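To start, the structure under review is shown below, and the notes come after it.
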Amino acid sequence: MLINDYIIKIVLPECNPSAQKVNAIAELPDDISDVLPYLNAIVKGCTYNPDAGTLRFIKEGKAITLHPRKIAIAGLDDETEASQVLNSLKEFINTTYERKGEIEPSYRRGNELKVLDVFKLLPGTNCMRCGEPTCLAFANKLVNQATDVENCIPLHSKEYGKKREGLLKMLDAAGYGRAMI
């Protein structure tokens, strides 16, 4: 087991101290750097920076950054949710560490997706067939892994074939793949 315990600290976002959401920082007694390349291999849409020793990803709308001796989580409702998310991460990290003999580590640096870059490759019709009010809202959900590119119906047409191809390449380069569950 890599992570046995942690010390949690709840903080308000520095940029918006009156925010409704809170951030959590979990200080770890042990260094988790060794497991980051294995997590990079299996976590969709993550951004790995081996020089800084960080792995960043979005899970259920929460921005998570793993550092060698701490875990930072943004967008939490309260301390209870922070504990739940941290316990889930602890289990996931420990399971990955135990299975590292079965996983090919990846040192690939993920390309962090930007909402506007994704938006530029969408049809721009604001047709709402994806369930979102605008293509920009859809792009935001796509970047945050709250929807799938397949939900953009116009992208299936021949008219937007080049945009679809470009978007799929961008998603693959960022480690998202097609399914974003």
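In the structure tokens, chains take the letters A, B, ... in the order shown, each chain's residues start at 1, and ligands count up from 1 in the order shown.
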Report task. Would you list, as a ChimeraX atom specification, the residues of region 3-143 of chain A that end up in strand (DSSP E) under DSSP run on this structure's backbone? Result -> /A:7-11,22-27,47-49,54-59,62-66,70-76
Preceding selection exported with C-alpha atoms as a compact mmCIF listing (two decimals), in the first residue's frame:
# COMPACT_ATOMS: atom_id res chain seq x y z
CA ILE A 7 -3.72 15.16 6.44
CA ILE A 8 -6.51 17.13 4.81
CA LYS A 9 -6.81 20.90 4.69
CA ILE A 10 -9.87 22.68 3.27
CA VAL A 11 -9.24 26.06 1.65
CA VAL A 22 -13.96 24.73 -1.66
CA ASN A 23 -10.61 23.16 -2.45
CA ALA A 24 -8.83 20.43 -0.53
CA ILE A 25 -5.15 19.74 -0.12
CA ALA A 26 -4.11 16.38 1.25
CA GLU A 27 -0.57 16.21 2.58
CA THR A 47 -1.84 15.93 -18.19
CA TYR A 48 1.43 14.49 -16.93
CA ASN A 49 4.47 16.65 -16.27
CA THR A 54 2.52 16.20 -11.39
CA LEU A 55 -0.47 14.50 -12.93
CA ARG A 56 -3.62 16.55 -13.51
CA PHE A 57 -7.06 15.29 -14.52
CA ILE A 58 -10.78 15.92 -14.15
CA LYS A 59 -12.97 13.39 -12.35
CA LYS A 62 -13.40 17.99 -9.88
CA ALA A 63 -9.95 19.19 -10.96
CA ILE A 64 -7.40 16.89 -9.35
CA THR A 65 -3.63 17.35 -9.30
CA LEU A 66 -1.35 14.70 -7.86
CA LYS A 70 0.23 16.02 -1.87
CA ILE A 71 -3.09 15.83 -3.67
CA ALA A 72 -4.99 19.00 -4.60
CA ILE A 73 -8.69 18.90 -5.46
CA ALA A 74 -10.76 21.86 -6.67
CA GLY A 75 -14.51 22.27 -6.92
CA LEU A 76 -15.72 20.44 -3.80
Query raised in the report: Residues at most 12 Å from Leu171 (chain A), counting only C-alpha atoms, excluding those fewer than 6 positions away in the same chain, as an MDAnalysis selection string?
Result: chainID A and resid 44:46 110:115 117:118 121 139 142:145 148:149 164:165 177:180
Query - Filtered DSSP result for region 30-79 of chain A, state alpha helix (DSSP H), as a list in words - result: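 Matching residues, listed in order: Leu36, Pro37, Tyr38, Leu39, Asn40, Ala41, Ile42 and Glu79 of chain A.
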Query - Spatial neighbours of Leu136 (chain A), max dist 10 Å, only C-alpha atoms, sep filter under 4 positions, as a PyMOL selection string - result: chain A and resi 115-116+118-120+122+124+126+132+140-142
Dump C-alpha atoms for the selected residues as a compact mmCIF listing (two decimals), in the first residue's frame?
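Contents of again-v7.txt, as written:
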# COMPACT_ATOMS: atom_id res chain seq x y z
CA VAL A 115 -12.44 24.82 -24.33
CA LEU A 116 -11.96 27.35 -27.13
CA VAL A 118 -12.42 22.31 -28.92
CA PHE A 119 -15.14 24.87 -29.72
CA LYS A 120 -13.35 25.89 -32.94
CA LEU A 122 -17.39 22.04 -33.48
CA GLY A 124 -21.00 26.13 -34.42
CA ASN A 126 -25.95 25.83 -31.61
CA GLU A 132 -26.61 21.71 -24.55
CA ASN A 140 -16.91 22.91 -21.98
CA LYS A 141 -18.63 19.65 -21.05
CA LEU A 142 -16.43 17.72 -23.48
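Between CA of Pro105 (chain A) and CA of Asp5 (chain A) the interatomic distance comes to 24.7 Å.
For Asp51 (chain A), the residues within 12 Å (counting only C-alpha atoms, excluding itself and residues fewer than 6 positions away along the chain) are Ser33, Leu36, Pro37, His67, Pro68, Tyr107, Arg108 and Arg109 of chain A.
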Report task. Excluding Cys127 (chain A) and residues on its chain fewer than 2 positions from it, collect all residues at most 12 Å away from it, counting only C-alpha atoms, and give them as a ChimeraX atom specification. Result -> /A:122-125,129-138,151-155
Query raised in the report: A:Asn40, A:Ser83, A:Ala52, A:Asp172: which is nearest Tyr6 (chain A), counting only C-alpha atoms?
Result: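 Smallest distance to Tyr6 (chain A) is found for A:Ser83.
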**Report entry** One-decimal distance in Å that lies between CA of Pro29 (chain A) and CA of Thr80 (chain A)
**Finding:**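 We find that CA of Thr80 (chain A) and CA of Pro29 (chain A) lie 21.4 Å from each other.
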Query raised in the report: If you measure from CA of Arg99 (chain A) to CA of Leu2 (chain A), what distance in Å do you get, rounded to one decimal?
Result: 11.8 Å
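If you measure from each of A:Ile32, A:Lys163, A:Leu39, A:Asn4 to Lys100 (chain A) using only C-alpha atoms, the closest one turns out to be A:Leu39.
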Report task. Compile the contact shell of Thr96 (chain A) as number ranges by chain: residues with an atom at most 10 Å away, counting only C-alpha atoms, same-chain residues fewer than 5 positions apart removed. Result -> A: 1-2, 35-36, 38-39, 42, 90-91, 101-103
